[in-house]
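Reading through the structure tokens given below for one structure.
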Amino acid sequence: LAKTTQPISMDSYEGQEVNITCSHNNIATNDYITWYQQFPSQGPRFIIQGYKTKVTNEVASLFIPADRKSSTLSLPRVSLSDTAVYYCLVGDILTGGGNKLTFGTGTQLKVEL
Amino acid sequence: IAGITQAPTSQILAAGRRMTLRCTQDMRHNAMYWYRQDLGLGLRLIHYSNTAGTTGKGEVPDGYSVSRANTDDFPLTLASAVPSQTSVYFCASSASSVPADTQYFGPGTRLTVL
């Protein structure tokens, strides 16, 4: 299983860009990188997934360097409502197995005025 | 579309009692999961099911059992609850069991064991 390491917490202010970096040094060839967001008192929800280079959707961007040993979730112009826990996960795209994904403790992002 | 529903929303339970947490999905997903979330420990996998009729143990399975009689339902049972099982429990599902597949989570059940 590819282990991920991300900061425990980050603070930001409204309107700023936030970048959360996750390291996954032993990522395997078939692994994809997925980020989830969890608001208080809710279950996590998928926000973005990528394999390499850059992926962008209406919520965030995901930057993955060529060696894929890390990834950076970028949230443009955050607002108070972006205060949440963000989880970085690495998972196989080919091999089944429900026990092969680990959420860990995530990064608590706090956005202030 | 409901997605995943969980019941009850919250429950206070006396130690030693039996409790079943219910989880139902209407997306016809093959894989389902049960997690518990505790402060400082993140989300930990309790049990999972790759497809109807099969189940497997996750990271913290002791004290819990599951069944998967059909595609839609994945109940989690605490045979004899203990205070250390006080937690928030989340059920999730994904279309397939490959780890990279998106998991969809229910709203959670907050369980307190006294």
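Starting from 1 in every chain, residues are counted up; chains themselves are A, B, ... following the order of the structure tokens, and ligands are numbered from 1 as listed.
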### Task
Find the residues of chain B in contact range of chain A, meaning any atom within 8 Å when counting only C-alpha atoms, and list them as a ChimeraX atom specification.
/B:31-33,40-45,48-50,56-59,90,96-108
Write a file of the selected residues as a PDB file, in the first residue's frame, keeping C-alpha atoms.
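File written: out-v1.pdb
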ATOM      1  CA  ALA B  31     -18.486  -2.364  -3.226  1.00  0.00           C
ATOM      2  CA  MET B  32     -19.473  -1.078   0.206  1.00  0.00           C
ATOM      3  CA  TYR B  33     -17.498  -0.038   3.258  1.00  0.00           C
ATOM      4  CA  GLY B  40      -7.152  12.508  15.942  1.00  0.00           C
ATOM      5  CA  LEU B  41      -7.336   9.096  14.278  1.00  0.00           C
ATOM      6  CA  GLY B  42      -9.026   9.956  11.025  1.00  0.00           C
ATOM      7  CA  LEU B  43     -11.148   7.481   9.112  1.00  0.00           C
ATOM      8  CA  ARG B  44     -10.404   3.821   9.736  1.00  0.00           C
ATOM      9  CA  LEU B  45     -11.862   0.951   7.742  1.00  0.00           C
ATOM     10  CA  TYR B  48     -15.745  -3.958   3.487  1.00  0.00           C
ATOM     11  CA  SER B  49     -17.599  -5.883   0.806  1.00  0.00           C
ATOM     12  CA  ASN B  50     -16.301  -6.087  -2.749  1.00  0.00           C
ATOM     13  CA  GLY B  56     -13.689  -8.727   4.377  1.00  0.00           C
ATOM     14  CA  LYS B  57     -11.949  -7.292   7.404  1.00  0.00           C
ATOM     15  CA  GLY B  58     -10.481  -3.842   7.400  1.00  0.00           C
ATOM     16  CA  GLU B  59      -8.072  -2.175   9.772  1.00  0.00           C
ATOM     17  CA  PHE B  90     -19.709   6.206   8.026  1.00  0.00           C
ATOM     18  CA  SER B  96     -16.222  -1.282  -8.172  1.00  0.00           C
ATOM     19  CA  SER B  97     -13.735  -2.457  -5.583  1.00  0.00           C
ATOM     20  CA  VAL B  98     -10.652  -0.940  -7.212  1.00  0.00           C
ATOM     21  CA  PRO B  99      -9.173   1.480  -4.683  1.00  0.00           C
ATOM     22  CA  ALA B 100      -9.048   4.354  -7.188  1.00  0.00           C
ATOM     23  CA  ASP B 101     -12.809   4.220  -7.693  1.00  0.00           C
ATOM     24  CA  THR B 102     -14.721   7.116  -6.124  1.00  0.00           C
ATOM     25  CA  GLN B 103     -16.328   6.331  -2.794  1.00  0.00           C
ATOM     26  CA  TYR B 104     -19.656   7.909  -1.923  1.00  0.00           C
ATOM     27  CA  PHE B 105     -20.326   8.397   1.760  1.00  0.00           C
ATOM     28  CA  GLY B 106     -23.469   8.425   3.828  1.00  0.00           C
ATOM     29  CA  PRO B 107     -24.257  11.113   6.409  1.00  0.00           C
ATOM     30  CA  GLY B 108     -22.932   9.064   9.313  1.00  0.00           C
TER      31      GLY B 108
END
#### Entry: Residue contacts of range 68-81 of chain A (6 Å, only C-alpha atoms) excluding same-chain residues fewer than 2 positions away, as a ChimeraX atom specification
/A:14-25,60-66,83,111
Dump N, CA and C atoms for the selected residues as an mmCIF file, in the first residue's frame?
data_model
loop_
_atom_site.group_PDB
_atom_site.id
_atom_site.type_symbol
_atom_site.label_atom_id
_atom_site.label_comp_id
_atom_site.auth_asym_id
_atom_site.auth_seq_id
_atom_site.Cartn_x
_atom_site.Cartn_y
_atom_site.Cartn_z
ATOM 1 N N GLU A 14 -9.584 34.286 3.625
ATOM 2 C CA GLU A 14 -10.477 34.352 2.468
ATOM 3 C C GLU A 14 -9.799 35.048 1.295
ATOM 4 N N GLY A 15 -9.995 34.519 0.113
ATOM 5 C CA GLY A 15 -9.452 35.107 -1.098
ATOM 6 C C GLY A 15 -8.079 34.615 -1.485
ATOM 7 N N GLN A 16 -7.415 33.919 -0.585
ATOM 8 C CA GLN A 16 -6.083 33.421 -0.879
ATOM 9 C C GLN A 16 -6.153 32.066 -1.595
ATOM 10 N N GLU A 17 -5.058 31.751 -2.276
ATOM 11 C CA GLU A 17 -4.913 30.422 -2.864
ATOM 12 C C GLU A 17 -4.251 29.521 -1.825
ATOM 13 N N VAL A 18 -4.800 28.313 -1.699
ATOM 14 C CA VAL A 18 -4.241 27.360 -0.745
ATOM 15 C C VAL A 18 -3.696 26.154 -1.496
ATOM 16 N N ASN A 19 -2.498 25.773 -1.143
ATOM 17 C CA ASN A 19 -1.873 24.591 -1.733
ATOM 18 C C ASN A 19 -1.558 23.583 -0.639
ATOM 19 N N ILE A 20 -2.097 22.400 -0.771
ATOM 20 C CA ILE A 20 -1.838 21.333 0.192
ATOM 21 C C ILE A 20 -1.047 20.249 -0.521
ATOM 22 N N THR A 21 0.140 19.982 -0.004
ATOM 23 C CA THR A 21 1.006 19.000 -0.642
ATOM 24 C C THR A 21 0.958 17.669 0.092
ATOM 25 N N CYS A 22 0.952 16.612 -0.676
ATOM 26 C CA CYS A 22 0.915 15.258 -0.148
ATOM 27 C C CYS A 22 2.100 14.493 -0.733
ATOM 28 N N SER A 23 2.821 13.793 0.093
ATOM 29 C CA SER A 23 3.927 12.974 -0.413
ATOM 30 C C SER A 23 3.523 11.510 -0.413
ATOM 31 N N HIS A 24 3.903 10.826 -1.478
ATOM 32 C CA HIS A 24 3.608 9.396 -1.624
ATOM 33 C C HIS A 24 4.773 8.766 -2.350
ATOM 34 N N ASN A 25 5.858 8.586 -1.612
ATOM 35 C CA ASN A 25 7.121 8.179 -2.214
ATOM 36 C C ASN A 25 7.081 6.806 -2.869
ATOM 37 N N ALA A 60 -11.165 22.515 -7.795
ATOM 38 C CA ALA A 60 -9.743 22.550 -7.454
ATOM 39 C C ALA A 60 -8.891 22.168 -8.644
ATOM 40 N N SER A 61 -7.588 22.303 -8.437
ATOM 41 C CA SER A 61 -6.599 21.799 -9.395
ATOM 42 C C SER A 61 -5.683 20.833 -8.660
ATOM 43 N N LEU A 62 -5.185 19.875 -9.403
ATOM 44 C CA LEU A 62 -4.274 18.885 -8.840
ATOM 45 C C LEU A 62 -3.024 18.859 -9.694
ATOM 46 N N PHE A 63 -1.882 19.112 -9.058
ATOM 47 C CA PHE A 63 -0.607 19.129 -9.760
ATOM 48 C C PHE A 63 0.207 17.905 -9.344
ATOM 49 N N ILE A 64 0.673 17.173 -10.335
ATOM 50 C CA ILE A 64 1.444 15.964 -10.071
ATOM 51 C C ILE A 64 2.726 16.036 -10.893
ATOM 52 N N PRO A 65 3.896 16.043 -10.234
ATOM 53 C CA PRO A 65 5.154 16.122 -10.988
ATOM 54 C C PRO A 65 5.426 14.815 -11.717
ATOM 55 N N ALA A 66 6.429 14.852 -12.557
ATOM 56 C CA ALA A 66 6.728 13.700 -13.404
ATOM 57 C C ALA A 66 7.048 12.447 -12.600
ATOM 58 N N THR A 83 -13.400 25.647 4.685
ATOM 59 C CA THR A 83 -12.894 25.068 5.929
ATOM 60 C C THR A 83 -13.374 23.635 6.021
ATOM 61 N N VAL A 111 -10.087 28.399 7.241
ATOM 62 C CA VAL A 111 -10.090 29.661 6.510
ATOM 63 C C VAL A 111 -10.750 30.717 7.380
#
### Task
For CA of Thr9 in chain B and CA of Tyr35 in chain B, determine how far apart the two atoms are, in Å to one decimal place.
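For CA of Thr9 in chain B relative to CA of Tyr35 in chain B, the distance reads 15.0 Å.
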### Query
So which bits of chain B end up strand (DSSP E) when you DSSP the backbone, as an MDAnalysis selection string?
chainID B and resid 4:7 10:13 19:25 31:38 42:49 56:57 64:66 76:78 87:94 104:105 109:113
### Task
Can you work out the spacing between CA of Ile4 in chain B and CA of Leu76 in chain B in Å, to one decimal?
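It comes out at 14.4 Å.
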### Message
So that I can see what lies close to Ala2 in chain B, please list as an MDAnalysis selection string the residues with an atom at most 9 Å from it, counting only C-alpha atoms and leaving out residues fewer than 6 positions away in the same chain.
### Response
chainID B and resid 25:27
### Pick from B:His29, B:Pro83, B:Ser10, B:Cys91, whichever lies nearest to Ile46 in chain B using only C-alpha atoms
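Nearest candidate to Ile46 in chain B out of B:His29, B:Pro83, B:Ser10, B:Cys91: B:Cys91.
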### Query
So, counting only C-alpha atoms, which residue among A:Gln37, A:Asp11, A:Asn26, A:Thr5 is closest to Ala84 in chain A?
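The closest residue to Ala84 in chain A is A:Gln37.
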### Query
From the set B:Ala69, B:Leu114, B:Met19, B:Ala92, which residue has the shortest atom-to-atom contact distance to Gln6 in chain B, counting only C-alpha atoms?
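Among the listed residues, B:Ala92 lies closest to Gln6 in chain B.
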